[in-house]
Each structure stands twice: as C-alpha cells, then as structure tokens.
Amino acid sequence: MHPVIDQVTQDIRRRSAESRRLYLLRMQRTRELLPPRRTLSCGNLAHGFAACGEPDKQRIRLLQSANLGIVTAYNDMLSAHQPLETYPAVIKQVARALGSSAQVAGGVPAMCDGVTQGQPGMELSLFSRDVIAMATAISLSHNLFDGVLCLGVCDKIVPGMLIGALQFGHLPAGFIPAGPMPSGISNKEKAAVRQRHAQGLASREELLEVEAASYHSPGTCTFYGTANSNQVLMEMFGVQLPGASFVNPGTPLREALTAETVRRVIAAADPQGSARPLASLVTENSLVNALVALLATGGSTNHTLHLVAIAHAAGLVLTWQDFDRLSRVVPLLLRVYPNGEADVNAFQQAGGMAFLVRELRGAGLLNEQVITLMGEGLDAMTRTPSLDGAGQLQWRAHTGASTLPDVLRAAGSPFAAESGIRVLHGNLGEGIIKTSAVKPEHRRVTAPCMVFNDQDELVARLRQGDITQDFVAVVRFQGPRANGMPELHQLTPHLGVLQDQGLKVALVTDGRMSGASGKVPAAIHLSPEALDGGPLARLRDGDVIALDADAGTLEVLVAPEVLAARLVEPPSRQGEQALLHATLGRNLFDSFRHGSSSALAGATVF
C-alpha cells in the first residue's frame, strides 16, 4: 500500500478511536437489547403488518425470515428518481420468492439542485441532507426491519440516507440507484450556449432548447457532479453492488442488479450466516477508499462537506487535511464533464468502476481489508456485471485496457499526477479549491477584488459588460449559518466569458460552487464564514487578493492591523426584503441556520 494511504487511514483510526468505539458499542447494544420485531408487543406488530397480504403477514409475525424496510426518494419531478416508482413492487416480489418480505418504510424529500440553481429554493438544498437523514431515521424507527434498502441517487439524498441509515448500523443496508439517462447533447455544446447566453448572444429559447436536449429523459443527469459522485462513493463503501451505478434505467441489467441487491441484503441479515451490518461496511478503510475514488475521478467538492458528515455519523473523524494529503498522491484517471467533455455513459463504456478499482488497487492506493455486500475484500469490485445467455446476472473480471483513453486512463498514464481537491490556507481562513478542470495557467490569480453580499449583485454587475481588468469576485455571507450555503454555479458562465477574453478572474466565497465546479478557479467553503466574523466580512472593494491553487494559499494583501480594525457589517434585511426572504419555506429553516456547524465540520446540525 502507498505509505500516504496507509498513514491517512491510521490517522483517522487514531483520532476516531473513542468516537468509533462508542458508535460500535451503541450498535452492538441496539442489536442485543432492541432486536428487530422481537421486542414489539402484539399490538405493535399487528399495526405493522395490518395492511399486508396474508403471506406477508405470516412471514412478519413468525419472525423466521427477513423483513426489509424500503426508504424511497421517489418523485416524478426528478429525472433521477422517477424510475424508482416501480422498484418497491419488484423488491417485494424478489423478497417473497426468497421466503422473506419487504415494506415501504417511508419516503424522504428529494429536491433537485438543477431546478433550484440560482433560485431561492437553493437555500434549502444543503440542509435538506439533514432533513433526509432524519426522515430516514423516522422511516426505520418502527423497528420492524431486519435490513434496509435505500432508493435514491442525487446530491443531498444519498448522503442524507446514509447518515440516517448509519443510526441503524446494526442492520445491513443496500443502496439501489436508477442509473443515468442516455447521453443527450454534448456537454461542450451546452456549456458554449450557456456562455453565449451570459453574453446576450443566445436567446432564452435557444438556451432552453439546449438544456432540454441535455436533460431529456428519466435517469440521472450525465455530467459528473454530486449525484454521480455519490454513486462512486456508495460502491466504494460496499453498500451498492459493483458496477451498479451507471447502468441505464429500464434495461434488463438494471432490473437484475436491483433484484440481486435484495438477495444480498437478505443474506447479510441472516444471523446464522455471514451477517454483514452496515457498521461493518462503513469503516476507516472503506472511508479512505471512497475518498481515493472520489479524488481519482475528479469528483464533487460538495463531498468535502458530505463525507465529513457521513464519517461523523459512523463515529469517524475526517478532516479537510485528509483530502489534501490524499489528493497529492492520488492521480486523476477520469475526464468527464466538467473535468472533460465526455459524460458518465462514456465512463461506463470505457471500463467503469471495475477498471477504476483495478487500477487504484494495482497502484497500492486502496485498503484491501474491507467488507461489502458481496463479501470480504476488493476482488468483487474489479468485476463488471452483465447478463449471460440465459439472462442471469454474472460478474466478470475487467482485464483489458480502457476502451476510451481520452476518458478513463490507467494509473500508470494518468491525466494528472495529482487529483485536484486542495485545501487553501491564509489570512482569509481555510477553504477548498478544485483544480482538475482549471487549466494550469489559470490557477494563480493576484488582482483587486470586487465584494458582493449575494450572487445576484455579482450577476447584475457582470451583465453590465464593463469589466475590463483582472479581478477576484468575492461573494460573502453565503455560509451555512448565513443562508444555508447555496451553490453559486450560475456564476460560472459569466466569469468564464471574462476568462476566455484573457482576463485573470477567480471567485472567493464562503458558499458552495457546485458538484459541477468548472474551469474558473473558485476558492469555496471559506471558514470561518463571514457571518461568524470571518475575514471575508472585512474585505473592501479594491483589496488585492492572491490565490495560488498549486501552493494552496489564499491571502488578502492588507496589513493585519488594518484588516482587524475594519467593522463587520452583515447585510440587514428590512421591510419588503425581509418579507421576501421568508418565502418559499426558507423561514422554516432558521433553526438549521442558527445551529449549523462550520463547513469544516460538514455544515451539519447533528
């Protein structure tokens, strides 16, 4: 094993020793004192199976076979989740064929960042993860279930489900995705029209036509943002079957993988067999493996928040410094938009997860001692699922080369020696930058800043079209405690236009950018956030900021005593502005904002 991989794993194990011990003890005691269904009264149990058919009633009441709890994020507004509508019926059918049963335990909300991008609803997005975690816990609170099946795909949904399921880590759990939609219009063409629209050179109708050609059918969006990064992580944690992530909806293979997940969770629930509870899958080793795979694929910066929160839910302590240390030794093996022009269907075609794991494993970049739904070790992760001539599911070892070397490469010939998520340090605090999509000549920017208190102010300024000098755009009061830490992805086309014109530009913010962080250097997640008196709150127009992504530094070139003497004046909302800010449900999340931890700690209320 690579010494840095080993050292980071050992550091996590050491700093997590007490919290992990308490988590595992809690899971053990739960299993011993509150075994599923065994401690329920007759009235409790009768309520739980009252609506079932007679065969399922008998199975549940006899306590001799597994009863699975399905937690679903189905709605028919999200393309990624619309296919999940039919999954519960399929799951129940498979469970019955195995002498077991399954029930829909509950549903969780599933919002779409693609719909709310640049809209007020985005202020609910990050905290929806914690709502989903709580909804998952409520769904499973009846203690009727011997195993868990989580149906979800997108940005906050899968992390929230996993955080919630980890509170029931004494049970086995499996995650079942819907798979990506078929490829539509190319990402390069879509990005070009977005930039033309930002310049006023493309009409709304032209832009909408391109967007509709990109997001065009049931299935997950095909760019490599947070939703598809989630899928990579779930496979690496061992809670999603190998190769299950990027199989298109409605295909025979997709259906076979769903059925096989049911079988595997039932097997993992058997106390007489090789029981594999969720707590034994999400460990220090699998956490590092998941992080390595995220880095090697140029995954979403949102996981600098989500993985920290997931780790915490399992009693593990993950830090941004772990991301940085691993990023320096993990090579970049994947070029998928926004880090390239291809999409995740091309990743699957090139060799997919089996090729990726094989290469990372061969380079000594993964921990071998892991448990998955498939059993022990990494062997199963290097196999690709397919159907044989009889339509039966099989896994075959991936032994060949990548079929699309411009998309997916071997560890010996990577796109870059380092994967690209870096921690930034300096007198503006601590933040994150993703460099995998940023060309080397754009990674160092020293220029006067323009300061804005929300993204709409910056967009309005950019639309004036009179910026002709290098500058750093500062968008502050966007942290979790200020307004829920919305993504600021709508800024990318506008700033990208100026960068293409030859200007040196960068974004600095205590908010998020996006799982689709792109070609403009963006220093994000700045902590402490401006609302908590972070240095961003003391910046003024014209202050010179020096960003060096390669060196990992972010500084404002202002004397410390001058910066410290400046007053912090958070923006105040009064009258109509305050009334508007309380619309679209945002006022219901005041307690989340007040109680949120910093971005460094996962921006969570738990």
# chains A, B, ... in the order shown; residues from 1 in each chain; ligands from 1

call {"tool": "residues_around", "arguments": {"residues": "Leu491 of chain A", "least_positions_apart": "3", "cutoff": "8 Å", "atoms": "only C-alpha atoms", "output": "NGL selection string"}}
result
:A and (455 or 459 or 488 or 494-495)

call {"tool": "write_last_selection", "arguments": {"atoms": "N, CA and C atoms", "output": "short mmCIF file (atom, residue, chain, number, x, y, z; two decimals), in the first residue's frame"}}
result
data_model
loop_
_atom_site.label_atom_id
_atom_site.label_comp_id
_atom_site.auth_asym_id
_atom_site.auth_seq_id
_atom_site.Cartn_x
_atom_site.Cartn_y
_atom_site.Cartn_z
N GLN A 455 -25.13 36.56 -4.78
CA GLN A 455 -24.75 36.25 -6.16
C GLN A 455 -25.50 37.11 -7.17
N VAL A 459 -24.02 38.97 -10.49
CA VAL A 459 -24.54 38.74 -11.85
C VAL A 459 -24.95 40.07 -12.49
N LEU A 488 -23.39 28.32 -6.10
CA LEU A 488 -23.29 29.55 -6.89
C LEU A 488 -22.90 29.23 -8.34
N HIS A 494 -20.77 33.36 -16.59
CA HIS A 494 -20.44 34.78 -16.64
C HIS A 494 -18.95 35.01 -16.42
N LEU A 495 -18.39 34.37 -15.39
CA LEU A 495 -16.95 34.53 -15.13
C LEU A 495 -16.13 33.85 -16.23
#

call {"tool": "residues_around", "arguments": {"residues": "Ser598 of chain A", "least_positions_apart": "6", "cutoff": "12 Å", "atoms": "only C-alpha atoms", "output": "number ranges by chain"}}
result
A: 304-305, 308-309, 430-431, 478-482, 484-485, 510-511, 525-532, 534, 592, 604-606

call {"tool": "atom_distance", "arguments": {"atom1": "atom CA of Pro338 of chain A", "atom2": "atom CA of Ala437 of chain A"}}
result
6.4 Å

call {"tool": "closest_residue", "arguments": {"among": "A:Tyr74, A:Tyr23, A:Phe49, A:Phe127", "to": "His142 of chain A", "atoms": "only C-alpha atoms"}}
result
A:Phe49

call {"tool": "select_by_dssp", "arguments": {"residues": "segment 326-500 of chain A", "states": "strand (DSSP E or B)", "output": "ChimeraX atom specification"}}
result
/A:332,334,336,342,371-372,375-376,383-387,393-397,408,416,421-426,429-434,444-452,471-475,487

call {"tool": "write_last_selection", "arguments": {"atoms": "N, CA and C atoms", "output": "short mmCIF file (atom, residue, chain, number, x, y, z; two decimals), in the first residue's frame"}}
result
data_model
loop_
_atom_site.label_atom_id
_atom_site.label_comp_id
_atom_site.auth_asym_id
_atom_site.auth_seq_id
_atom_site.Cartn_x
_atom_site.Cartn_y
_atom_site.Cartn_z
N LEU A 332 -5.24 11.62 -11.25
CA LEU A 332 -6.52 11.86 -11.89
C LEU A 332 -6.66 10.90 -13.08
N LEU A 334 -9.85 10.12 -14.61
CA LEU A 334 -11.10 10.26 -15.35
C LEU A 334 -11.27 11.69 -15.85
N VAL A 336 -14.40 13.48 -17.23
CA VAL A 336 -15.82 13.58 -17.53
C VAL A 336 -16.27 14.98 -17.14
N ALA A 342 -16.66 14.39 -22.01
CA ALA A 342 -17.49 13.19 -22.04
C ALA A 342 -18.46 13.18 -20.86
N ILE A 371 -15.22 -4.94 3.95
CA ILE A 371 -16.35 -5.85 3.81
C ILE A 371 -17.39 -5.13 2.95
N THR A 372 -17.98 -5.84 2.01
CA THR A 372 -19.02 -5.28 1.15
C THR A 372 -20.22 -6.22 1.16
N GLY A 375 -19.15 -9.57 0.09
CA GLY A 375 -18.24 -10.36 0.90
C GLY A 375 -17.03 -9.55 1.31
N GLU A 376 -15.92 -10.22 1.57
CA GLU A 376 -14.72 -9.55 2.05
C GLU A 376 -13.77 -9.24 0.90
N ARG A 383 -14.87 -6.49 -10.85
CA ARG A 383 -15.65 -7.27 -11.81
C ARG A 383 -16.81 -6.44 -12.35
N THR A 384 -17.14 -6.66 -13.59
CA THR A 384 -18.20 -5.94 -14.27
C THR A 384 -19.43 -6.82 -14.40
N PRO A 385 -20.62 -6.32 -14.05
CA PRO A 385 -21.83 -7.14 -14.17
C PRO A 385 -22.32 -7.20 -15.62
N SER A 386 -22.90 -8.33 -15.97
CA SER A 386 -23.53 -8.49 -17.28
C SER A 386 -24.53 -9.63 -17.17
N LEU A 387 -25.29 -9.85 -18.22
CA LEU A 387 -26.23 -10.96 -18.27
C LEU A 387 -25.71 -12.04 -19.21
N LEU A 393 -27.57 -12.93 -14.03
CA LEU A 393 -26.54 -11.96 -13.69
C LEU A 393 -25.21 -12.66 -13.45
N GLN A 394 -24.14 -12.08 -14.00
CA GLN A 394 -22.80 -12.60 -13.77
C GLN A 394 -21.83 -11.43 -13.66
N TRP A 395 -20.72 -11.67 -13.00
CA TRP A 395 -19.66 -10.65 -12.91
C TRP A 395 -18.40 -11.23 -13.53
N ARG A 396 -17.78 -10.43 -14.37
CA ARG A 396 -16.53 -10.86 -14.99
C ARG A 396 -15.42 -9.88 -14.67
N ALA A 397 -14.25 -10.40 -14.39
CA ALA A 397 -13.10 -9.55 -14.07
C ALA A 397 -12.76 -8.68 -15.26
N LEU A 408 -10.95 7.62 -19.66
CA LEU A 408 -10.52 6.85 -18.50
C LEU A 408 -9.16 6.24 -18.78
N ALA A 416 -3.34 13.50 -14.82
CA ALA A 416 -2.53 14.37 -13.97
C ALA A 416 -2.02 13.54 -12.80
N ILE A 421 -8.33 18.22 -5.57
CA ILE A 421 -9.02 18.93 -4.50
C ILE A 421 -7.98 19.34 -3.46
N ARG A 422 -7.83 20.63 -3.30
CA ARG A 422 -6.82 21.17 -2.42
C ARG A 422 -7.46 21.99 -1.30
N VAL A 423 -6.80 22.01 -0.17
CA VAL A 423 -7.18 22.92 0.92
C VAL A 423 -6.37 24.20 0.77
N LEU A 424 -7.05 25.33 0.93
CA LEU A 424 -6.40 26.64 0.88
C LEU A 424 -6.24 27.20 2.29
N HIS A 425 -5.08 27.77 2.57
CA HIS A 425 -4.81 28.39 3.86
C HIS A 425 -4.34 29.83 3.64
N GLY A 426 -4.59 30.65 4.60
CA GLY A 426 -4.11 32.03 4.53
C GLY A 426 -4.89 32.92 5.47
N GLY A 429 -8.76 32.65 5.94
CA GLY A 429 -9.35 31.47 6.54
C GLY A 429 -8.91 30.21 5.81
N GLU A 430 -9.74 29.19 5.90
CA GLU A 430 -9.44 27.90 5.30
C GLU A 430 -10.57 27.55 4.33
N GLY A 431 -10.20 27.10 3.13
CA GLY A 431 -11.20 26.79 2.12
C GLY A 431 -10.78 25.65 1.23
N ILE A 432 -11.58 25.43 0.20
CA ILE A 432 -11.38 24.32 -0.73
C ILE A 432 -11.29 24.88 -2.14
N ILE A 433 -10.45 24.28 -2.97
CA ILE A 433 -10.46 24.58 -4.40
C ILE A 433 -10.30 23.28 -5.16
N LYS A 434 -11.01 23.18 -6.28
CA LYS A 434 -10.89 22.01 -7.16
C LYS A 434 -10.20 22.46 -8.44
N ARG A 444 -3.32 30.62 -10.70
CA ARG A 444 -2.74 31.68 -9.86
C ARG A 444 -3.29 33.02 -10.32
N VAL A 445 -3.97 33.68 -9.42
CA VAL A 445 -4.58 34.97 -9.73
C VAL A 445 -4.26 35.93 -8.59
N THR A 446 -3.68 37.08 -8.91
CA THR A 446 -3.48 38.17 -7.96
C THR A 446 -4.09 39.42 -8.57
N ALA A 447 -5.14 39.92 -7.92
CA ALA A 447 -5.88 41.03 -8.52
C ALA A 447 -6.73 41.71 -7.46
N PRO A 448 -7.16 42.95 -7.74
CA PRO A 448 -8.09 43.63 -6.82
C PRO A 448 -9.42 42.87 -6.78
N CYS A 449 -10.09 42.94 -5.66
CA CYS A 449 -11.36 42.24 -5.53
C CYS A 449 -12.54 43.20 -5.67
N MET A 450 -13.67 42.63 -6.06
CA MET A 450 -14.96 43.31 -6.01
C MET A 450 -15.82 42.51 -5.04
N VAL A 451 -16.43 43.18 -4.08
CA VAL A 451 -17.10 42.50 -2.97
C VAL A 451 -18.61 42.59 -3.15
N PHE A 452 -19.28 41.45 -3.02
CA PHE A 452 -20.73 41.37 -3.15
C PHE A 452 -21.28 40.55 -1.99
N PHE A 471 -9.72 40.62 -11.96
CA PHE A 471 -10.36 40.86 -10.66
C PHE A 471 -10.72 39.54 -9.99
N VAL A 472 -10.89 39.62 -8.67
CA VAL A 472 -11.36 38.49 -7.87
C VAL A 472 -12.75 38.85 -7.36
N ALA A 473 -13.73 38.04 -7.72
CA ALA A 473 -15.11 38.25 -7.26
C ALA A 473 -15.27 37.61 -5.88
N VAL A 474 -15.63 38.41 -4.90
CA VAL A 474 -15.88 37.92 -3.55
C VAL A 474 -17.39 37.92 -3.31
N VAL A 475 -17.94 36.75 -3.05
CA VAL A 475 -19.37 36.65 -2.71
C VAL A 475 -19.44 36.09 -1.29
N GLU A 487 -25.42 26.75 -3.63
CA GLU A 487 -24.45 26.66 -4.71
C GLU A 487 -24.52 27.93 -5.55
#

call {"tool": "atom_distance", "arguments": {"atom1": "atom CA of Val292 of chain A", "atom2": "atom CA of Arg361 of chain A"}}
result
10.5 Å

call {"tool": "select_by_dssp", "arguments": {"residues": "segment 109-252 of chain A", "states": "helix (DSSP H, G or I)", "output": "ChimeraX atom specification"}}
result
/A:113-116,120-140,157-166,187-198,204-214,226-237,252

call {"tool": "decode", "arguments": {"residues": "segment 422-454 of chain A", "atoms": "N, CA and C atoms", "output": "CSV table (one decimal), in the first residue's frame"}}
result
chain,number,residue,atom,x,y,z
A,422,ARG,N,-7.8,20.6,-3.3
A,422,ARG,CA,-6.8,21.2,-2.4
A,422,ARG,C,-7.5,22.0,-1.3
A,423,VAL,N,-6.8,22.0,-0.2
A,423,VAL,CA,-7.2,22.9,0.9
A,423,VAL,C,-6.4,24.2,0.8
A,424,LEU,N,-7.0,25.3,0.9
A,424,LEU,CA,-6.4,26.6,0.9
A,424,LEU,C,-6.2,27.2,2.3
A,425,HIS,N,-5.1,27.8,2.6
A,425,HIS,CA,-4.8,28.4,3.9
A,425,HIS,C,-4.3,29.8,3.6
A,426,GLY,N,-4.6,30.7,4.6
A,426,GLY,CA,-4.1,32.0,4.5
A,426,GLY,C,-4.9,32.9,5.5
A,427,ASN,N,-4.7,34.2,5.3
A,427,ASN,CA,-5.3,35.1,6.3
A,427,ASN,C,-6.8,35.4,6.0
A,428,LEU,N,-7.3,34.7,4.9
A,428,LEU,CA,-8.8,34.7,4.7
A,428,LEU,C,-9.5,33.5,5.3
A,429,GLY,N,-8.8,32.7,5.9
A,429,GLY,CA,-9.4,31.5,6.5
A,429,GLY,C,-8.9,30.2,5.8
A,430,GLU,N,-9.7,29.2,5.9
A,430,GLU,CA,-9.4,27.9,5.3
A,430,GLU,C,-10.6,27.6,4.3
A,431,GLY,N,-10.2,27.1,3.1
A,431,GLY,CA,-11.2,26.8,2.1
A,431,GLY,C,-10.8,25.6,1.2
A,432,ILE,N,-11.6,25.4,0.2
A,432,ILE,CA,-11.4,24.3,-0.7
A,432,ILE,C,-11.3,24.9,-2.1
A,433,ILE,N,-10.5,24.3,-3.0
A,433,ILE,CA,-10.5,24.6,-4.4
A,433,ILE,C,-10.3,23.3,-5.2
A,434,LYS,N,-11.0,23.2,-6.3
A,434,LYS,CA,-10.9,22.0,-7.2
A,434,LYS,C,-10.2,22.5,-8.4
A,435,THR,N,-9.1,21.8,-8.7
A,435,THR,CA,-8.3,22.3,-9.9
A,435,THR,C,-8.3,21.4,-11.1
A,436,SER,N,-9.0,20.2,-11.0
A,436,SER,CA,-8.9,19.3,-12.1
A,436,SER,C,-9.5,19.8,-13.4
A,437,ALA,N,-10.4,20.8,-13.3
A,437,ALA,CA,-11.0,21.3,-14.5
A,437,ALA,C,-10.4,22.7,-14.9
A,438,VAL,N,-9.5,23.2,-14.0
A,438,VAL,CA,-8.9,24.5,-14.2
A,438,VAL,C,-7.5,24.3,-14.9
A,439,LYS,N,-7.3,25.0,-16.0
A,439,LYS,CA,-6.0,24.9,-16.7
A,439,LYS,C,-4.9,25.5,-15.8
A,440,PRO,N,-3.7,25.0,-15.9
A,440,PRO,CA,-2.6,25.4,-15.0
A,440,PRO,C,-2.4,26.9,-15.1
A,441,GLU,N,-2.6,27.6,-16.3
A,441,GLU,CA,-2.3,29.0,-16.4
A,441,GLU,C,-3.3,29.8,-15.7
A,442,HIS,N,-4.4,29.2,-15.2
A,442,HIS,CA,-5.5,30.0,-14.5
A,442,HIS,C,-5.5,29.7,-13.0
A,443,ARG,N,-4.5,29.0,-12.5
A,443,ARG,CA,-4.6,28.6,-11.1
A,443,ARG,C,-3.9,29.6,-10.2
A,444,ARG,N,-3.3,30.6,-10.7
A,444,ARG,CA,-2.7,31.7,-9.9
A,444,ARG,C,-3.3,33.0,-10.3
A,445,VAL,N,-4.0,33.7,-9.4
A,445,VAL,CA,-4.6,35.0,-9.7
A,445,VAL,C,-4.3,35.9,-8.6
A,446,THR,N,-3.7,37.1,-8.9
A,446,THR,CA,-3.5,38.2,-8.0
A,446,THR,C,-4.1,39.4,-8.6
A,447,ALA,N,-5.1,39.9,-7.9
A,447,ALA,CA,-5.9,41.0,-8.5
A,447,ALA,C,-6.7,41.7,-7.5
A,448,PRO,N,-7.2,43.0,-7.7
A,448,PRO,CA,-8.1,43.6,-6.8
A,448,PRO,C,-9.4,42.9,-6.8
A,449,CYS,N,-10.1,42.9,-5.7
A,449,CYS,CA,-11.4,42.2,-5.5
A,449,CYS,C,-12.5,43.2,-5.7
A,450,MET,N,-13.7,42.6,-6.1
A,450,MET,CA,-15.0,43.3,-6.0
A,450,MET,C,-15.8,42.5,-5.0
A,451,VAL,N,-16.4,43.2,-4.1
A,451,VAL,CA,-17.1,42.5,-3.0
A,451,VAL,C,-18.6,42.6,-3.2
A,452,PHE,N,-19.3,41.4,-3.0
A,452,PHE,CA,-20.7,41.4,-3.1
A,452,PHE,C,-21.3,40.5,-2.0
A,453,ASN,N,-22.5,40.9,-1.6
A,453,ASN,CA,-23.1,40.2,-0.5
A,453,ASN,C,-24.1,39.1,-0.9
A,454,ASP,N,-24.3,39.0,-2.2
A,454,ASP,CA,-25.1,37.9,-2.8
A,454,ASP,C,-24.8,37.7,-4.2
